[in-house]
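Colleague: Pasting upload_14.pdb here (PDB, C-alpha atoms):
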MODEL        1
ATOM      1  CA  MET A 997     -15.428  -8.869   9.227
ATOM      2  CA  LYS A 998     -14.731 -10.938   6.149
ATOM      3  CA  ILE A 999     -11.318 -12.521   5.802
ATOM      4  CA  TYR A1000      -9.648 -14.655   3.146
ATOM      5  CA  VAL A1001      -7.362 -17.472   4.294
ATOM      6  CA  GLY A1002      -4.883 -18.991   1.832
ATOM      7  CA  ILE A1003      -2.622 -21.944   2.529
ATOM      8  CA  ASP A1004      -0.204 -23.916   0.427
ATOM      9  CA  ASP A1005       2.470 -26.574   0.446
ATOM     10  CA  THR A1006       1.527 -28.731   3.409
ATOM     11  CA  ASP A1007       2.100 -32.123   1.766
ATOM     12  CA  ASN A1008       4.966 -34.307   0.619
ATOM     13  CA  ILE A1009       5.018 -37.096  -1.932
ATOM     14  CA  ASP A1010       3.794 -39.682   0.561
ATOM     15  CA  GLN A1011       1.393 -37.871   2.832
ATOM     16  CA  GLY A1012      -0.776 -34.863   3.456
ATOM     17  CA  ALA A1013      -3.004 -32.753   1.242
ATOM     18  CA  THR A1014      -3.427 -29.008   1.454
ATOM     19  CA  GLY A1015      -7.197 -29.362   1.093
ATOM     20  CA  ILE A1016      -7.307 -31.558   4.180
ATOM     21  CA  SER A1017      -5.128 -29.106   6.132
ATOM     22  CA  ALA A1018      -7.481 -26.287   5.154
ATOM     23  CA  LYS A1019     -10.493 -28.307   6.290
ATOM     24  CA  HIS A1020      -8.848 -28.831   9.692
ATOM     25  CA  ILE A1021      -8.262 -25.089  10.045
ATOM     26  CA  ILE A1022     -11.904 -24.409   9.102
ATOM     27  CA  LYS A1023     -13.021 -26.906  11.732
ATOM     28  CA  MET A1024     -10.765 -25.268  14.299
ATOM     29  CA  ILE A1025     -12.237 -21.810  13.589
ATOM     30  CA  GLU A1026     -15.783 -23.108  13.865
ATOM     31  CA  ASN A1027     -15.124 -25.269  16.942
ATOM     32  CA  GLN A1028     -13.638 -22.259  18.712
ATOM     33  CA  ARG A1029     -16.721 -20.247  17.663
ATOM     34  CA  TRP A1030     -14.486 -17.582  16.154
ATOM     35  CA  GLY A1031     -16.752 -17.300  13.135
ATOM     36  CA  SER A1032     -18.236 -19.116  10.178
ATOM     37  CA  CYS A1033     -16.318 -20.273   7.126
ATOM     38  CA  GLN A1034     -17.441 -20.446   3.521
ATOM     39  CA  GLY A1035     -16.464 -22.583   0.528
ATOM     40  CA  LEU A1036     -12.957 -23.914   0.194
ATOM     41  CA  THR A1037     -11.510 -23.539  -3.294
ATOM     42  CA  ARG A1038      -8.538 -25.034  -5.095
ATOM     43  CA  HIS A1039      -6.509 -22.832  -7.432
ATOM     44  CA  GLN A1040      -4.093 -24.105 -10.053
ATOM     45  CA  LEU A1041      -0.705 -22.375 -10.295
ATOM     46  CA  LEU A1042       2.063 -22.689 -12.888
ATOM     47  CA  LEU A1043       3.436 -26.125 -13.732
ATOM     48  CA  HIS A1044       7.145 -25.703 -14.368
ATOM     49  CA  PRO A1045      10.148 -27.958 -13.745
ATOM     50  CA  ALA A1046      11.965 -25.229 -11.825
ATOM     51  CA  ILE A1047       9.181 -24.899  -9.249
ATOM     52  CA  ALA A1048       9.495 -27.162  -6.223
ATOM     53  CA  TYR A1049       5.876 -28.328  -6.052
ATOM     54  CA  THR A1050       5.072 -31.841  -4.932
ATOM     55  CA  SER A1051       2.798 -33.016  -7.700
ATOM     56  CA  HIS A1052       0.244 -30.446  -8.852
ATOM     57  CA  ASN A1053       1.140 -26.936  -7.615
ATOM     58  CA  SER A1054      -2.272 -25.883  -6.425
ATOM     59  CA  SER A1055      -3.208 -23.785  -3.417
ATOM     60  CA  MET A1056      -6.345 -23.561  -1.290
ATOM     61  CA  CYS A1057      -8.408 -20.621  -0.058
ATOM     62  CA  PHE A1058     -11.537 -20.104   2.011
ATOM     63  CA  THR A1059     -13.363 -17.101   3.378
ATOM     64  CA  ALA A1060     -14.634 -16.569   6.904
ATOM     65  CA  ASP A1061     -16.735 -14.062   8.801
ATOM     66  CA  ILE A1062     -15.168 -13.476  12.207
ATOM     67  CA  GLU A1063     -15.147 -10.978  15.047
ATOM     68  CA  ALA A1064     -12.105  -8.703  14.851
ATOM     69  CA  ALA A1065     -10.960  -9.834  18.307
ATOM     70  CA  TYR A1066     -10.431 -13.364  17.016
ATOM     71  CA  LEU A1067      -8.131 -12.425  14.143
ATOM     72  CA  GLU A1068      -4.841 -12.701  16.029
ATOM     73  CA  PRO A1069      -5.699 -15.992  17.763
ATOM     74  CA  LEU A1070      -6.853 -17.382  14.427
ATOM     75  CA  ILE A1071      -3.567 -16.482  12.726
ATOM     76  CA  GLU A1072      -1.556 -17.889  15.634
ATOM     77  CA  GLU A1073      -3.489 -21.150  15.830
ATOM     78  CA  ALA A1074      -3.563 -21.690  12.075
ATOM     79  CA  GLY A1075       0.207 -21.155  11.929
ATOM     80  CA  ARG A1076       0.745 -23.511  14.822
ATOM     81  CA  PHE A1077      -1.428 -26.112  13.144
ATOM     82  CA  LEU A1078       0.596 -25.889   9.932
ATOM     83  CA  GLU A1079       3.845 -26.275  11.885
ATOM     84  CA  ARG A1080       2.624 -29.300  13.839
ATOM     85  CA  TYR A1081       0.647 -31.219  11.277
ATOM     86  CA  SER A1082       2.074 -30.483   7.827
ATOM     87  CA  ALA A1083       3.907 -33.382   6.222
ATOM     88  CA  PRO A1084       7.661 -33.717   6.884
ATOM     89  CA  GLY A1085       9.684 -31.881   4.257
ATOM     90  CA  SER A1086       6.779 -29.650   3.242
ATOM     91  CA  ASP A1087       7.102 -25.856   3.080
ATOM     92  CA  PRO A1088       3.822 -24.445   4.387
ATOM     93  CA  GLY A1089       2.676 -20.863   3.955
ATOM     94  CA  LEU A1090      -0.285 -18.985   5.393
ATOM     95  CA  CYS A1091      -1.953 -15.814   4.124
ATOM     96  CA  VAL A1092      -4.782 -13.937   5.833
ATOM     97  CA  VAL A1093      -6.374 -10.902   4.200
ATOM     98  CA  ILE A1094      -8.996  -8.658   5.804
ATOM     99  CA  GLU A1095     -11.251  -7.624   2.968
ATOM    100  CA  GLU A1096     -12.215  -4.198   4.317
ATOM    101  CA  GLN A1097      -8.585  -3.255   5.000
ATOM    102  CA  LEU A1098      -7.279  -4.236   1.574
ATOM    103  CA  GLN A1099      -6.879  -1.022  -0.349
ATOM    104  CA  ASP A1100      -5.832  -2.437  -3.652
ATOM    105  CA  ALA A1101      -7.312  -5.824  -4.493
ATOM    106  CA  ALA A1102      -6.250  -5.334  -8.105
ATOM    107  CA  ASP A1103      -2.579  -5.799  -7.170
ATOM    108  CA  LEU A1104      -3.336  -9.032  -5.352
ATOM    109  CA  ILE A1105      -5.495 -10.327  -8.196
ATOM    110  CA  ALA A1106      -2.769  -9.469 -10.715
ATOM    111  CA  TYR A1107      -0.274 -11.354  -8.569
ATOM    112  CA  GLY A1108      -2.612 -14.377  -8.514
ATOM    113  CA  TYR A1109      -2.745 -14.439 -12.290
ATOM    114  CA  GLU A1110       1.041 -13.958 -12.499
ATOM    115  CA  THR A1111       1.594 -17.149 -10.502
ATOM    116  CA  LYS A1112      -0.116 -19.033 -13.313
ATOM    117  CA  LYS A1113       2.253 -17.592 -15.909
ATOM    118  CA  ARG A1114       5.728 -17.224 -14.438
ATOM    119  CA  ILE A1115       7.995 -18.305 -11.598
ATOM    120  CA  ILE A1116       7.545 -16.045  -8.582
ATOM    121  CA  THR A1117      10.038 -15.820  -5.733
ATOM    122  CA  LYS A1118       9.316 -15.849  -2.033
ATOM    123  CA  GLU A1119      10.779 -12.343  -1.810
ATOM    124  CA  GLU A1120       8.272 -11.044  -4.364
ATOM    125  CA  ALA A1121       5.428 -12.551  -2.372
ATOM    126  CA  PHE A1122       6.623 -10.964   0.899
ATOM    127  CA  ARG A1123       7.226  -7.627  -0.816
ATOM    128  CA  LEU A1124       3.656  -7.533  -2.112
ATOM    129  CA  ALA A1125       2.235  -8.681   1.236
ATOM    130  CA  ARG A1126       4.098  -5.846   2.996
ATOM    131  CA  LYS A1127       2.904  -3.309   0.429
ATOM    132  CA  LEU A1128      -0.709  -4.432   0.811
ATOM    133  CA  GLY A1129      -0.499  -4.833   4.582
ATOM    134  CA  VAL A1130      -1.728  -8.436   4.569
ATOM    135  CA  HIS A1131      -0.589 -11.293   6.776
ATOM    136  CA  LEU A1132       1.845 -13.723   5.115
ATOM    137  CA  SER A1133       3.892 -16.214   7.122
ATOM    138  CA  GLU A1134       5.961 -19.343   6.578
ATOM    139  CA  HIS A1135       5.649 -22.349   8.850
ATOM    140  CA  GLY A1136       8.440 -24.787   8.167
ATOM    141  CA  GLY A1137      10.845 -26.048   5.518
ATOM    142  CA  THR A1138      11.850 -23.440   2.985
ATOM    143  CA  GLY A1139       8.575 -21.602   3.508
ATOM    144  CA  ILE A1140       7.983 -21.280  -0.221
ATOM    145  CA  GLY A1141       4.335 -22.117   0.394
ATOM    146  CA  VAL A1142       3.891 -18.371   1.020
ATOM    147  CA  ILE A1143       3.945 -17.835  -2.753
ATOM    148  CA  GLY A1144       0.924 -20.045  -3.308
ATOM    149  CA  ALA A1145      -0.847 -18.999  -0.113
ATOM    150  CA  LEU A1146      -0.868 -15.368  -1.271
ATOM    151  CA  ALA A1147      -1.797 -16.452  -4.807
ATOM    152  CA  GLY A1148      -4.703 -18.537  -3.540
ATOM    153  CA  VAL A1149      -6.246 -15.431  -1.972
ATOM    154  CA  GLY A1150      -5.605 -13.334  -5.085
ATOM    155  CA  LEU A1151      -7.200 -15.940  -7.331
ATOM    156  CA  ARG A1152     -10.161 -16.399  -5.012
ATOM    157  CA  MET A1153     -10.709 -12.638  -5.147
ATOM    158  CA  THR A1154     -11.056 -12.813  -8.928
ATOM    159  CA  ASN A1155     -14.393 -14.593  -8.268
ATOM    160  CA  ASN A1156     -13.633 -16.554 -11.443
ATOM    161  CA  ASP A1157     -10.998 -19.138 -10.642
ATOM    162  CA  GLY A1158     -10.836 -22.524  -9.024
ATOM    163  CA  ARG A1159     -12.900 -25.545  -8.112
ATOM    164  CA  PHE A1160     -14.625 -26.041  -4.792
ATOM    165  CA  GLN A1161     -13.143 -28.708  -2.572
ATOM    166  CA  GLY A1162     -15.056 -31.970  -2.275
ATOM    167  CA  ARG A1163     -17.949 -33.455  -4.188
ATOM    168  CA  LEU A1164     -21.642 -32.671  -4.027
ATOM    169  CA  LYS A1165     -23.868 -35.387  -2.678
ATOM    170  CA  LEU A1166     -27.232 -35.296  -4.407
ATOM    171  CA  LYS A1167     -28.572 -38.566  -5.821
ATOM    172  CA  ALA A1168     -27.028 -41.673  -7.317
ATOM    173  CA  PRO A1169     -25.095 -41.354 -10.600
ATOM    174  CA  GLY A1170     -27.499 -41.571 -13.530
ATOM    175  CA  ALA A1171     -30.397 -40.018 -11.620
ATOM    176  CA  ILE A1172     -32.285 -37.192 -13.311
ATOM    177  CA  ILE A1173     -33.037 -34.204 -11.120
ATOM    178  CA  ASN A1174     -34.397 -30.755 -11.840
ATOM    179  CA  VAL A1175     -32.440 -27.569 -11.244
ATOM    180  CA  ALA A1176     -34.775 -26.310  -8.520
ATOM    181  CA  GLU A1177     -34.064 -29.427  -6.467
ATOM    182  CA  ILE A1178     -30.314 -29.058  -6.988
ATOM    183  CA  LEU A1179     -30.451 -25.461  -5.770
ATOM    184  CA  SER A1180     -32.622 -26.237  -2.748
ATOM    185  CA  SER A1181     -30.679 -29.288  -1.568
ATOM    186  CA  SER A1182     -27.048 -28.258  -2.050
ATOM    187  CA  PRO A1183     -24.736 -25.226  -1.817
ATOM    188  CA  VAL A1184     -24.978 -24.767  -5.613
ATOM    189  CA  GLU A1185     -26.068 -21.243  -6.556
ATOM    190  CA  LYS A1186     -26.516 -21.713 -10.304
ATOM    191  CA  VAL A1187     -26.540 -24.536 -12.815
ATOM    192  CA  GLN A1188     -24.846 -23.349 -15.965
ATOM    193  CA  SER A1189     -23.704 -24.823 -19.278
ATOM    194  CA  LEU A1190     -20.084 -24.672 -20.382
ATOM    195  CA  ASP A1191     -20.983 -21.905 -22.841
ATOM    196  CA  GLY A1192     -22.710 -19.770 -20.214
ATOM    197  CA  TYR A1193     -26.423 -20.625 -20.504
ATOM    198  CA  ILE A1194     -28.061 -20.547 -17.054
ATOM    199  CA  LEU A1195     -30.607 -23.335 -16.630
ATOM    200  CA  HIS A1196     -33.999 -22.488 -15.149
ATOM    201  CA  GLY A1197     -35.622 -24.309 -12.264
ATOM    202  CA  GLN A1198     -37.661 -26.866 -14.174
ATOM    203  CA  GLU A1199     -34.891 -27.997 -16.528
ATOM    204  CA  GLU A1200     -33.555 -31.463 -15.814
ATOM    205  CA  VAL A1201     -29.981 -32.692 -15.416
ATOM    206  CA  ARG A1202     -28.587 -36.222 -15.454
ATOM    207  CA  LEU A1203     -26.078 -36.634 -12.628
ATOM    208  CA  GLY A1204     -22.627 -38.021 -13.353
ATOM    209  CA  ASN A1205     -20.270 -39.931 -11.075
ATOM    210  CA  LYS A1206     -18.402 -37.000  -9.552
ATOM    211  CA  LEU A1207     -20.221 -33.766  -8.918
ATOM    212  CA  LYS A1208     -17.795 -30.881  -8.611
ATOM    213  CA  THR A1209     -18.532 -27.165  -8.539
ATOM    214  CA  VAL A1210     -16.525 -24.177  -9.714
ATOM    215  CA  LEU A1211     -16.267 -20.499  -8.810
ATOM    216  CA  LEU A1212     -17.644 -18.229 -11.538
ATOM    217  CA  GLU A1213     -18.861 -14.637 -11.175
ATOM    218  CA  GLY A1214     -18.493 -15.095  -7.425
ATOM    219  CA  LYS A1215     -21.016 -17.959  -7.364
ATOM    220  CA  ARG A1216     -20.793 -21.657  -6.720
ATOM    221  CA  ILE A1217     -21.702 -23.134 -10.090
ATOM    222  CA  LEU A1218     -22.552 -26.671 -11.168
ATOM    223  CA  LEU A1219     -21.482 -26.926 -14.797
ATOM    224  CA  VAL A1220     -23.400 -29.064 -17.277
ATOM    225  CA  TYR A1221     -23.040 -29.986 -20.940
ATOM    226  CA  ARG A1222     -24.880 -31.739 -23.745
ATOM    227  CA  ARG A1223     -23.284 -34.546 -25.706
ATOM    228  CA  ALA A1224     -22.909 -33.892 -29.442
ATOM    229  CA  GLY A1225     -26.400 -34.184 -30.927
ATOM    230  CA  GLY A1226     -27.919 -34.799 -27.491
ATOM    231  CA  LEU A1227     -30.780 -32.911 -25.870
ATOM    232  CA  GLU A1228     -30.174 -33.910 -22.270
ATOM    233  CA  TRP A1229     -28.111 -31.874 -19.831
ATOM    234  CA  GLU A1230     -25.460 -33.871 -17.965
ATOM    235  CA  THR A1231     -23.120 -32.750 -15.215
ATOM    236  CA  CYS A1232     -19.578 -32.089 -16.385
ATOM    237  CA  THR A1233     -16.874 -34.668 -15.841
ATOM    238  CA  THR A1234     -13.540 -34.029 -14.181
ATOM    239  CA  VAL A1235     -12.067 -33.775 -17.676
ATOM    240  CA  HIS A1236     -14.312 -30.811 -18.500
ATOM    241  CA  LEU A1237     -13.262 -29.151 -15.248
ATOM    242  CA  GLU A1238      -9.530 -29.564 -15.787
ATOM    243  CA  HIS A1239      -8.970 -25.892 -16.574
ATOM    244  CA  TYR A1240     -11.065 -24.429 -13.762
TER     245      TYR A1240
ATOM    246  CA  MET B 100      12.479 -51.863 -17.423
ATOM    247  CA  MET B 101      10.992 -48.775 -19.035
ATOM    248  CA  ASP B 102       8.459 -49.436 -21.801
ATOM    249  CA  ILE B 103       9.503 -46.909 -24.455
ATOM    250  CA  ALA B 104       6.026 -46.977 -26.017
ATOM    251  CA  PHE B 105       4.700 -45.158 -22.982
ATOM    252  CA  TRP B 106       7.656 -43.500 -21.293
ATOM    253  CA  SER B 107      10.710 -41.476 -22.154
ATOM    254  CA  LYS B 108      13.351 -39.672 -20.140
ATOM    255  CA  ASN B 109      13.283 -35.902 -20.087
ATOM    256  CA  GLU B 110      16.329 -33.610 -19.968
ATOM    257  CA  ARG B 111      16.486 -34.073 -16.189
ATOM    258  CA  GLY B 112      16.533 -37.856 -16.449
ATOM    259  CA  GLN B 113      12.987 -38.141 -15.104
ATOM    260  CA  VAL B 114      10.578 -40.661 -16.598
ATOM    261  CA  GLN B 115       7.801 -38.838 -18.436
ATOM    262  CA  PHE B 116       4.577 -40.264 -19.864
ATOM    263  CA  ASN B 117       4.484 -39.983 -23.677
ATOM    264  CA  GLY B 118       0.713 -39.781 -23.909
ATOM    265  CA  GLY B 119       0.305 -36.221 -22.683
ATOM    266  CA  ARG B 120      -2.537 -35.295 -20.344
ATOM    267  CA  HIS B 121      -5.516 -37.041 -21.961
ATOM    268  CA  ASP B 122      -4.422 -40.523 -23.018
ATOM    269  CA  TRP B 123      -6.931 -42.207 -20.738
ATOM    270  CA  VAL B 124      -6.772 -45.842 -21.820
ATOM    271  CA  PRO B 125      -3.016 -46.439 -21.519
ATOM    272  CA  ALA B 126      -2.878 -44.443 -18.265
ATOM    273  CA  ALA B 127      -5.547 -46.697 -16.769
ATOM    274  CA  GLY B 128      -3.885 -49.824 -18.128
ATOM    275  CA  ILE B 129      -0.473 -48.936 -16.707
ATOM    276  CA  ALA B 130      -1.918 -48.057 -13.303
ATOM    277  CA  GLY B 131      -3.888 -51.309 -13.293
ATOM    278  CA  ASN B 132      -0.622 -53.252 -13.178
ATOM    279  CA  CYS B 133       1.440 -50.836 -11.125
ATOM    280  CA  PRO B 134       2.491 -51.922  -7.608
ATOM    281  CA  HIS B 135       3.117 -48.287  -6.618
ATOM    282  CA  PHE B 136      -0.298 -46.870  -7.530
ATOM    283  CA  LEU B 137      -1.766 -44.762  -4.734
ATOM    284  CA  LEU B 138      -4.932 -42.746  -5.244
ATOM    285  CA  ASP B 139      -4.344 -39.020  -4.789
ATOM    286  CA  ASP B 140      -6.538 -36.680  -2.764
ATOM    287  CA  GLU B 141     -10.047 -36.358  -4.217
ATOM    288  CA  ASP B 142      -9.493 -32.763  -5.293
ATOM    289  CA  GLU B 143      -6.634 -33.790  -7.527
ATOM    290  CA  LEU B 144      -8.368 -36.562  -9.474
ATOM    291  CA  VAL B 145      -8.750 -35.898 -13.181
ATOM    292  CA  ALA B 146      -9.497 -39.254 -14.831
ATOM    293  CA  GLU B 147     -12.920 -40.883 -14.697
ATOM    294  CA  GLU B 148     -11.319 -44.313 -14.211
ATOM    295  CA  GLU B 149     -10.205 -44.124 -10.609
ATOM    296  CA  ARG B 150      -7.167 -46.360 -11.058
ATOM    297  CA  SER B 151      -5.212 -44.320 -13.567
ATOM    298  CA  CYS B 152      -1.743 -42.821 -13.595
ATOM    299  CA  TYR B 153      -3.536 -39.482 -13.937
ATOM    300  CA  ASN B 154      -5.063 -39.976 -10.494
ATOM    301  CA  CYS B 155      -1.948 -41.344  -8.811
ATOM    302  CA  ARG B 156      -0.245 -39.542  -5.976
ATOM    303  CA  PHE B 157       3.138 -40.280  -7.536
ATOM    304  CA  ARG B 158       2.581 -38.387 -10.765
ATOM    305  CA  ARG B 159       4.037 -34.926 -10.984
ATOM    306  CA  TRP B 160       2.271 -32.779 -13.550
ATOM    307  CA  THR B 161       4.222 -30.951 -16.198
ATOM    308  CA  ASP B 162       2.731 -28.475 -18.659
ATOM    309  CA  ARG B 163       2.201 -31.212 -21.271
ATOM    310  CA  SER B 164       2.172 -34.521 -19.400
ATOM    311  CA  PHE B 165       3.404 -35.940 -16.094
ATOM    312  CA  ILE B 166       6.474 -37.510 -14.563
ATOM    313  CA  CYS B 167       6.185 -40.811 -12.736
ATOM    314  CA  MET B 168       8.113 -40.463  -9.490
ATOM    315  CA  LYS B 169       8.270 -44.223  -8.955
ATOM    316  CA  ARG B 170      10.093 -45.095 -12.203
TER     317      ARG B 170
ENDMDL
END
Turn the structure described in the file into structure tokens.
Modeller:
Amino acid sequence: MKIYVGIDDTDNIDQGATGISAKHIIKMIENQRWGSCQGLTRHQLLLHPAIAYTSHNSSMCFTADIEAAYLEPLIEEAGRFLERYSAPGSDPGLCVVIEEQLQDAADLIAYGYETKKRIITKEEAFRLARKLGVHLSEHGGTGIGVIGALAGVGLRMTNNDGRFQGRLKLKAPGAIINVAEILSSSPVEKVQSLDGYILHGQEEVRLGNKLKTVLLEGKRILLVYRRAGGLEWETCTTVHLEHY
Amino acid sequence: MMDIAFWSKNERGQVQFNGGRHDWVPAAGIAGNCPHFLLDDEDELVAEEERSCYNCRFRRWTDRSFICMKR
């Protein structure tokens, strides 16, 4: 069965990163042979002085295909991991959603979008989790990471939010490569311009320094752009990707 | 001492960068001389110049700019 795993708030100002915590949990699932995990995405939530985020208020989510029998051990071990290895003073939260058992994804998606617009309380997050019958648990500190953990899953379910964790490794910066080679040698599913044009296999792209992908229409997309007056496609910079 | 060309105090007394979220050159220049600079996790980097306040672990984003937590 397909599950979504959301985690948030595992760092403090000096140490830890929620992306790294999520990668450890993915490794744990795969080492235990509980199932296979797919792309880890980062989702931006509201930036507001009244919210107790460390520095950027983002949460992480990945999906996994697992046998039903491994669900409980996975939840237990992931929670234990967050309790043991999250940074001191952090407030970790864990959310696990079984896709086939979720009756109303629209509510969860709406909640995800709400966390980008207004301050949400921990009680609201737990109330929605109870209503939807999804797993939501806190693992230290104030536990306010549950807000973002639930939001990470909701935003991932939109299929149109967030950047994938990590950078692509293709060729050296400045190299020119065609789309077919990008698709065959990386997890990228489409190469697309910022205004939505999908490049075909023989079109060429100049690689930039940092190759990041985003989640659009449920696909892992490498975004490209043309400089003003230019004819050459180039991979987008981190500045272009700020709002993804 | 706080350089008022680049920083001001917000209503909470925190030191906020005046340049907003895209003032790349000053942010790189300040970080170049900052003893506290620490590169954030790769997923949180936004500036092309690696050593930039925008990429520092000790910046806390606000809706329009960031607060330096070491000033």
Colleague: Tell me which protein, DNA and RNA residues are within 7 Å of region 128-145 of chain B, counting all atoms listed in the file, leaving out same-chain ones fewer than 5 positions away, and put them as a ChimeraX atom specification.
Modeller: /A:1013,1161-1162,1234-1235,1238 /B:150-156,169
Colleague: Kindly assemble as JSON lines a list of the chain A residues that lie within 10 Å of chain B, each paired with its nearest atom pair and their distance in Å to one decimal, using all atoms listed in the file, sorted first by chain and then by ascending residue number.
Modeller:
{"residue": "A:Asn1008", "atom": "CA", "partner": "B:Arg156", "partner_atom": "CA", "distance": 9.9}
{"residue": "A:Ile1009", "atom": "CA", "partner": "B:Phe157", "partner_atom": "CA", "distance": 6.7}
{"residue": "A:Asp1010", "atom": "CA", "partner": "B:Arg156", "partner_atom": "CA", "distance": 7.7}
{"residue": "A:Gln1011", "atom": "CA", "partner": "B:Arg156", "partner_atom": "CA", "distance": 9.1}
{"residue": "A:Gly1012", "atom": "CA", "partner": "B:Asp140", "partner_atom": "CA", "distance": 8.7}
{"residue": "A:Ala1013", "atom": "CA", "partner": "B:Asp140", "partner_atom": "CA", "distance": 6.6}
{"residue": "A:Thr1014", "atom": "CA", "partner": "B:Asp140", "partner_atom": "CA", "distance": 9.3}
{"residue": "A:Gly1015", "atom": "CA", "partner": "B:Asp142", "partner_atom": "CA", "distance": 7.6}
{"residue": "A:Ile1016", "atom": "CA", "partner": "B:Asp140", "partner_atom": "CA", "distance": 8.7}
{"residue": "A:Thr1037", "atom": "CA", "partner": "B:Asp142", "partner_atom": "CA", "distance": 9.7}
{"residue": "A:Arg1038", "atom": "CA", "partner": "B:Asp142", "partner_atom": "CA", "distance": 7.8}
{"residue": "A:Leu1042", "atom": "CA", "partner": "B:Asp162", "partner_atom": "CA", "distance": 8.2}
{"residue": "A:Leu1043", "atom": "CA", "partner": "B:Thr161", "partner_atom": "CA", "distance": 5.5}
{"residue": "A:His1044", "atom": "CA", "partner": "B:Thr161", "partner_atom": "CA", "distance": 6.3}
{"residue": "A:Pro1045", "atom": "CA", "partner": "B:Thr161", "partner_atom": "CA", "distance": 7.1}
{"residue": "A:Tyr1049", "atom": "CA", "partner": "B:Arg159", "partner_atom": "CA", "distance": 8.4}
{"residue": "A:Thr1050", "atom": "CA", "partner": "B:Arg159", "partner_atom": "CA", "distance": 6.9}
{"residue": "A:Ser1051", "atom": "CA", "partner": "B:Arg159", "partner_atom": "CA", "distance": 4.0}
{"residue": "A:His1052", "atom": "CA", "partner": "B:Trp160", "partner_atom": "CA", "distance": 5.6}
{"residue": "A:Asn1053", "atom": "CA", "partner": "B:Trp160", "partner_atom": "CA", "distance": 8.4}
{"residue": "A:Ser1054", "atom": "CA", "partner": "B:Glu143", "partner_atom": "CA", "distance": 9.1}
{"residue": "A:Arg1159", "atom": "CA", "partner": "B:Asp142", "partner_atom": "CA", "distance": 8.5}
{"residue": "A:Phe1160", "atom": "CA", "partner": "B:Asp142", "partner_atom": "CA", "distance": 8.5}
{"residue": "A:Gln1161", "atom": "CA", "partner": "B:Asp142", "partner_atom": "CA", "distance": 6.1}
{"residue": "A:Gly1162", "atom": "CA", "partner": "B:Asp142", "partner_atom": "CA", "distance": 6.4}
{"residue": "A:Arg1163", "atom": "CA", "partner": "B:Glu141", "partner_atom": "CA", "distance": 8.4}
{"residue": "A:Asn1205", "atom": "CA", "partner": "B:Glu147", "partner_atom": "CA", "distance": 8.2}
{"residue": "A:Lys1206", "atom": "CA", "partner": "B:Glu147", "partner_atom": "CA", "distance": 8.5}
{"residue": "A:Lys1208", "atom": "CA", "partner": "B:Asp142", "partner_atom": "CA", "distance": 9.1}
{"residue": "A:Thr1233", "atom": "CA", "partner": "B:Glu147", "partner_atom": "CA", "distance": 7.5}
{"residue": "A:Thr1234", "atom": "CA", "partner": "B:Val145", "partner_atom": "CA", "distance": 5.2}
{"residue": "A:Val1235", "atom": "CA", "partner": "B:Val145", "partner_atom": "CA", "distance": 6.0}
{"residue": "A:His1236", "atom": "CA", "partner": "B:Val145", "partner_atom": "CA", "distance": 9.2}
{"residue": "A:Leu1237", "atom": "CA", "partner": "B:Val145", "partner_atom": "CA", "distance": 8.4}
{"residue": "A:Glu1238", "atom": "CA", "partner": "B:Val145", "partner_atom": "CA", "distance": 6.9}
Colleague: Put those residues in a file: C-alpha atoms, as a short mmCIF file (atom, residue, chain, number, x, y, z; two decimals), keeping the file's coordinate frame.
Modeller:
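So selection-v4.cif came out as:
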data_model
loop_
_atom_site.label_atom_id
_atom_site.label_comp_id
_atom_site.auth_asym_id
_atom_site.auth_seq_id
_atom_site.Cartn_x
_atom_site.Cartn_y
_atom_site.Cartn_z
CA ASN A 1008 4.97 -34.31 0.62
CA ILE A 1009 5.02 -37.10 -1.93
CA ASP A 1010 3.79 -39.68 0.56
CA GLN A 1011 1.39 -37.87 2.83
CA GLY A 1012 -0.78 -34.86 3.46
CA ALA A 1013 -3.00 -32.75 1.24
CA THR A 1014 -3.43 -29.01 1.45
CA GLY A 1015 -7.20 -29.36 1.09
CA ILE A 1016 -7.31 -31.56 4.18
CA THR A 1037 -11.51 -23.54 -3.29
CA ARG A 1038 -8.54 -25.03 -5.10
CA LEU A 1042 2.06 -22.69 -12.89
CA LEU A 1043 3.44 -26.12 -13.73
CA HIS A 1044 7.14 -25.70 -14.37
CA PRO A 1045 10.15 -27.96 -13.74
CA TYR A 1049 5.88 -28.33 -6.05
CA THR A 1050 5.07 -31.84 -4.93
CA SER A 1051 2.80 -33.02 -7.70
CA HIS A 1052 0.24 -30.45 -8.85
CA ASN A 1053 1.14 -26.94 -7.62
CA SER A 1054 -2.27 -25.88 -6.42
CA ARG A 1159 -12.90 -25.54 -8.11
CA PHE A 1160 -14.62 -26.04 -4.79
CA GLN A 1161 -13.14 -28.71 -2.57
CA GLY A 1162 -15.06 -31.97 -2.28
CA ARG A 1163 -17.95 -33.46 -4.19
CA ASN A 1205 -20.27 -39.93 -11.08
CA LYS A 1206 -18.40 -37.00 -9.55
CA LYS A 1208 -17.80 -30.88 -8.61
CA THR A 1233 -16.87 -34.67 -15.84
CA THR A 1234 -13.54 -34.03 -14.18
CA VAL A 1235 -12.07 -33.78 -17.68
CA HIS A 1236 -14.31 -30.81 -18.50
CA LEU A 1237 -13.26 -29.15 -15.25
CA GLU A 1238 -9.53 -29.56 -15.79
#
Colleague: State, in Å with one decimal place, the distance from CA of His1239 (chain A) to CA of Ile103 (chain B).
Modeller: 29.1 Å
Colleague: Tell me which of A:Glu1134, A:Glu1185, A:Glu1119, A:Glu1095 sits closest to Gly1150 (chain A), counting only C-alpha atoms.
Modeller: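 Ranked by minimum distance to Gly1150 (chain A), first place goes to A:Glu1095.
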Colleague: Out of A:Met1153, A:Tyr1081, A:Gly1035, A:Gly1002, which residue has the shortest atom-to-atom distance to Val1184 (chain A) when counting only C-alpha atoms?
Modeller: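 Counting only C-alpha atoms, the residue closest to Val1184 (chain A) is A:Gly1035.
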